Amino acid sequence: MDIGRINESDQPVKLSGYPKQQPRRIRQNPLLRGLTRESGLSAGKLVAPLFVTEKSQRKPQPVASMPGVVRHSVSSVAAEAKELSKLGVGAVLLFGIPKIKDAQGSGAYDEHGIVPQAIRAIKKAAPNLAVIADVCLCEYTDHGHCGVLSQPGISGVIMRKPFKVRLWRPSPHGSVDNAATLPLLAAAAVAHARAGADMVAPSAMMDGQVASIRKALDQDGFSSLPILSYSVKYASAFYGPFRDAAASAPRLGDRRGYQIDPANLEEALRETALDIEEGADCVMVKPAMAYLDVVRAVKKEFNWPTAVYQVSGEYAMVKAAVARGWLDEKRTVLELATAMRRAGGDFFITYYAKELAHWLSNKRGA
Ligand SMILES: [Zn+2]
């Protein structure tokens with residue numbers, strides 16, 4: 001089936017159909033149906049990102065650049081999930097911070113790692129809340145990149161010139177080894193599935209990540225578990241506070257070697273087409289506010305369940321203005337959520353999920 005064109009000159013994208021594409025993956029899980037319902041704005045369409053850390057701590061640690069956001073322990077994340085569930089929030093999206101980081105990001109695919117522990121605790125505390133597990137390596141690697149490096153931390157060649165030696169230099173970007181990263185992402189997805197996640201969400205922007213995760217899930221008996229792909233993730237300045245929260249800022253270089261250039265829309269549509277072709281059940285545009293044209297284009301082009309992620313910097317920006325008395329918080333946040341729906345987003349990943357759920361429950365006709 002033809003599901004759309006990237007542009008007039010390109011070939012139409014073909015759906016490969018069953019078993020890769022199974023619309024029932026979403027439909028058969030009652031916890032995910034509300035997220036992808038095609039109209040209305042309600043608490044059930046909100047996803048709360050939560051950080052959970054393996055480092056021993058007595059109480060949740062505040063994140064300085066994101067007022068109101070904390071790094072949870074396993075027990076406090078379960079309590080928070082229970083509260084969110086009571087408020088009718090649709091889902092949580094989990095990010096883990098391991099005790100130890102290494103070059104291979106091994107904490108990401110450890111079945112007893114921090115996110116599998118959190119998934120089990122949340123499922124016990126709040127069985128009616130959908131749990132989505134982020135799948136990436138950047139919180140788990142000591143270098144902070146979303147995949148393994150072809151030369152850990154360094155790349156380039158030693159060049160001898162007549163009078164000087166050019167030494168190994170840090171690569172600014174592009175040294176992430178795509179092929180070596182794929183099996184690790186797949187292993188992480190399987191670990192989260194086994195722990196009880198309702199959906200896995202690969203965010204590394206590695207080529208072929210959805211296909212390799214789909215294959216690994218199918219082989220492990222999870223052919224019904226859906227994938228929410230971060231299909232359109234821009235190399236954005238708005239991620240700064242997240243890296244503070246997850247302690248995941250790259251030690252060397254940046255992520256422009258795998259995330260999309262903010263100037264590009266056609267590339268965003270190509271990435272979405274590829275992910276759908278590889279078996280993504282939901283797609284995503286991230287960040288939100290500066291990319292609503294992209295949300296519109298993705299929705300129009302593919303009519304696929306589409307998530308919109310209002311990222312840490314967008315949240316911090318509103319919080320900072322509110323703290324100075326420059327913006328009305330409730331009106332601003334409701335306006336942004338409405339704009340996300342107007343642009344075509346089905347569900348909204350936002351650090352404001354809890355407040356929004358409160359406000360929506362008190363707002364007639366929201
Ligand atoms: Zn990452």
# chains A, B, ... in the order shown; residues from 1 in each chain; ligands from 1
>>> residues_around(residues="A:Thr272", least_positions_apart="4", cutoff="7 Å", atoms="only C-alpha atoms", output="PyMOL selection string")
chain A and resi 231-232+268+276+283
>>> residues_around(residues="stretch 128-134 of chain A", least_positions_apart="6", cutoff="6 Å", atoms="only C-alpha atoms", output="list in words")
Leu31, Ser85, Ala91, Val92, Leu93, Leu94, Phe95, Ala197, Asp198, Met199, Val200, Ala201 and Pro202 of chain A
>>> closest_atom_pairs(of="chain A", to="ligand 1", cutoff="8 Å", atoms="only C-alpha atoms and all ligand atoms", output="JSON lines")
{"residue": "A:Val135", "atom": "CA", "partner": "ligand 1", "partner_atom_place_in_ligand_line": "1 (Zn)", "distance": 7.9}
{"residue": "A:Cys136", "atom": "CA", "partner": "ligand 1", "partner_atom_place_in_ligand_line": "1 (Zn)", "distance": 4.8}
{"residue": "A:Leu137", "atom": "CA", "partner": "ligand 1", "partner_atom_place_in_ligand_line": "1 (Zn)", "distance": 5.5}
{"residue": "A:Cys138", "atom": "CA", "partner": "ligand 1", "partner_atom_place_in_ligand_line": "1 (Zn)", "distance": 4.2}
{"residue": "A:Glu139", "atom": "CA", "partner": "ligand 1", "partner_atom_place_in_ligand_line": "1 (Zn)", "distance": 6.8}
{"residue": "A:Gly144", "atom": "CA", "partner": "ligand 1", "partner_atom_place_in_ligand_line": "1 (Zn)", "distance": 7.8}
{"residue": "A:His145", "atom": "CA", "partner": "ligand 1", "partner_atom_place_in_ligand_line": "1 (Zn)", "distance": 6.4}
{"residue": "A:Cys146", "atom": "CA", "partner": "ligand 1", "partner_atom_place_in_ligand_line": "1 (Zn)", "distance": 3.9}
{"residue": "A:Gly147", "atom": "CA", "partner": "ligand 1", "partner_atom_place_in_ligand_line": "1 (Zn)", "distance": 7.6}
{"residue": "A:Ser203", "atom": "CA", "partner": "ligand 1", "partner_atom_place_in_ligand_line": "1 (Zn)", "distance": 5.8}
{"residue": "A:Ala204", "atom": "CA", "partner": "ligand 1", "partner_atom_place_in_ligand_line": "1 (Zn)", "distance": 4.7}
{"residue": "A:Met205", "atom": "CA", "partner": "ligand 1", "partner_atom_place_in_ligand_line": "1 (Zn)", "distance": 7.9}
{"residue": "A:Ser248", "atom": "CA", "partner": "ligand 1", "partner_atom_place_in_ligand_line": "1 (Zn)", "distance": 7.9}
>>> write_last_selection(atoms="N, CA and C atoms", output="mmCIF file, in the first residue's frame")
data_model
loop_
_atom_site.group_PDB
_atom_site.id
_atom_site.type_symbol
_atom_site.label_atom_id
_atom_site.label_comp_id
_atom_site.auth_asym_id
_atom_site.auth_seq_id
_atom_site.Cartn_x
_atom_site.Cartn_y
_atom_site.Cartn_z
ATOM 1 N N VAL A 135 14.768 3.735 24.873
ATOM 2 C CA VAL A 135 15.855 2.816 24.538
ATOM 3 C C VAL A 135 16.983 3.615 23.907
ATOM 4 N N CYS A 136 18.040 3.830 24.671
ATOM 5 C CA CYS A 136 19.204 4.537 24.155
ATOM 6 C C CYS A 136 20.411 4.174 25.004
ATOM 7 N N LEU A 137 21.578 4.591 24.564
ATOM 8 C CA LEU A 137 22.780 4.282 25.336
ATOM 9 C C LEU A 137 23.368 5.502 26.039
ATOM 10 N N CYS A 138 22.901 6.728 25.673
ATOM 11 C CA CYS A 138 23.633 7.921 26.125
ATOM 12 C C CYS A 138 23.635 8.116 27.644
ATOM 13 N N GLU A 139 22.601 7.648 28.326
ATOM 14 C CA GLU A 139 22.632 7.775 29.788
ATOM 15 C C GLU A 139 23.572 6.742 30.410
ATOM 16 N N GLY A 144 28.918 9.515 26.829
ATOM 17 C CA GLY A 144 27.677 10.261 26.657
ATOM 18 C C GLY A 144 27.074 10.228 25.260
ATOM 19 N N HIS A 145 27.617 9.395 24.351
ATOM 20 C CA HIS A 145 26.999 9.292 23.028
ATOM 21 C C HIS A 145 25.926 8.199 23.030
ATOM 22 N N CYS A 146 25.058 8.261 22.008
ATOM 23 C CA CYS A 146 23.903 7.370 21.954
ATOM 24 C C CYS A 146 24.250 5.988 21.395
ATOM 25 N N GLY A 147 25.514 5.777 21.082
ATOM 26 C CA GLY A 147 25.954 4.476 20.602
ATOM 27 C C GLY A 147 27.390 4.260 20.997
ATOM 28 N N SER A 203 15.510 5.968 20.916
ATOM 29 C CA SER A 203 15.760 7.399 20.707
ATOM 30 C C SER A 203 17.167 7.702 20.213
ATOM 31 N N ALA A 204 17.920 6.660 19.841
ATOM 32 C CA ALA A 204 19.335 6.881 19.520
ATOM 33 C C ALA A 204 19.571 7.487 18.142
ATOM 34 N N MET A 205 18.550 7.454 17.276
ATOM 35 C CA MET A 205 18.686 7.940 15.896
ATOM 36 C C MET A 205 19.757 7.176 15.121
ATOM 37 N N SER A 248 23.950 13.114 30.884
ATOM 38 C CA SER A 248 24.243 12.440 29.624
ATOM 39 C C SER A 248 24.827 13.361 28.554
#
>>> select_by_dssp(residues="stretch 200-352 of chain A", states="alpha helix (DSSP H)", output="number ranges by chain")
A: 209-219, 240-246, 266-278, 292-302, 312-323, 329-343
>>> residues_around(residues="A:Tyr140", least_positions_apart="6", cutoff="12 Å", atoms="only C-alpha atoms", output="number ranges by chain")
A: 53-54, 95-110, 113-115, 146-148, 184-185, 188, 246-250
>>> closest_residue(among="A:Thr36, A:Arg251, A:Glu83, A:Pro127", to="A:Gly345", atoms="only C-alpha atoms")
A:Thr36
>>> residues_around(residues="stretch 16-24 of chain A", least_positions_apart="6", cutoff="8 Å", atoms="only C-alpha atoms", output="list in words")
Met1, Arg214, Ser224, Glu277, Glu278, Gly279, Ala280 and Asp281 of chain A
>>> write_last_selection(atoms="C-alpha atoms", output="short mmCIF file (atom, residue, chain, number, x, y, z; two decimals), in the first residue's frame")
data_model
loop_
_atom_site.label_atom_id
_atom_site.label_comp_id
_atom_site.auth_asym_id
_atom_site.auth_seq_id
_atom_site.Cartn_x
_atom_site.Cartn_y
_atom_site.Cartn_z
CA MET A 1 0.00 0.00 0.00
CA ARG A 214 11.46 -5.34 15.95
CA SER A 224 2.77 -7.87 20.01
CA GLU A 277 8.76 0.73 6.89
CA GLU A 278 10.92 -0.88 9.60
CA GLY A 279 7.87 -1.51 11.79
CA ALA A 280 7.37 1.55 14.02
CA ASP A 281 3.87 1.49 15.55
#
>>> atom_distance(atom1="atom CA of A:Asp254", atom2="atom CA of A:Leu149")
12.6 Å
>>> residues_around(residues="A:Asp207", least_positions_apart="2", cutoff="10 Å", atoms="only C-alpha atoms", output="PyMOL selection string")
chain A and resi 178-179+181-182+204-205+209-212+258+271+274-275
>>> write_last_selection(atoms="C-alpha atoms", output="compact mmCIF listing (two decimals), in the first residue's frame")
# COMPACT_ATOMS: atom_id res chain seq x y z
CA ASN A 178 26.00 2.37 13.86
CA ALA A 179 26.30 -1.37 13.16
CA THR A 181 25.21 -0.13 18.35
CA LEU A 182 22.14 -1.85 16.85
CA ALA A 204 19.33 6.88 19.52
CA MET A 205 18.69 7.94 15.90
CA GLN A 209 17.29 0.73 14.98
CA VAL A 210 13.56 0.07 14.62
CA ALA A 211 14.13 -2.94 12.37
CA SER A 212 16.70 -4.52 14.66
CA TYR A 258 23.04 11.19 14.08
CA GLU A 271 13.31 9.25 8.56
CA LEU A 274 12.00 4.53 7.02
CA ASP A 275 10.85 3.92 10.59
>>> residues_around(residues="stretch 289-303 of chain A", least_positions_apart="2", cutoff="7 Å", atoms="only C-alpha atoms", output="list in words")
Ile3, Gly4, Leu265, Leu269, Val285, Pro287, Pro305, Thr306, Met340, Ala343, Gly344 and Gly345 of chain A
>>> decode(residues="stretch 47-60 of chain A", atoms="C-alpha atoms", output="PDB file, in the first residue's frame")
ATOM      1  CA  VAL A  47       3.047  11.059  28.858  1.00  0.00           C
ATOM      2  CA  ALA A  48       5.199  12.026  31.841  1.00  0.00           C
ATOM      3  CA  PRO A  49       8.946  11.528  31.395  1.00  0.00           C
ATOM      4  CA  LEU A  50      10.500  10.242  34.618  1.00  0.00           C
ATOM      5  CA  PHE A  51      14.155   9.905  35.586  1.00  0.00           C
ATOM      6  CA  VAL A  52      15.172   7.078  37.838  1.00  0.00           C
ATOM      7  CA  THR A  53      18.647   6.672  39.245  1.00  0.00           C
ATOM      8  CA  GLU A  54      20.456   3.655  40.579  1.00  0.00           C
ATOM      9  CA  LYS A  55      22.713   5.799  42.722  1.00  0.00           C
ATOM     10  CA  SER A  56      21.804   5.409  46.361  1.00  0.00           C
ATOM     11  CA  GLN A  57      19.770   8.307  47.640  1.00  0.00           C
ATOM     12  CA  ARG A  58      17.341   8.919  50.464  1.00  0.00           C
ATOM     13  CA  LYS A  59      14.929  11.206  48.652  1.00  0.00           C
ATOM     14  CA  PRO A  60      14.347  12.406  45.075  1.00  0.00           C
TER      15      PRO A  60
END
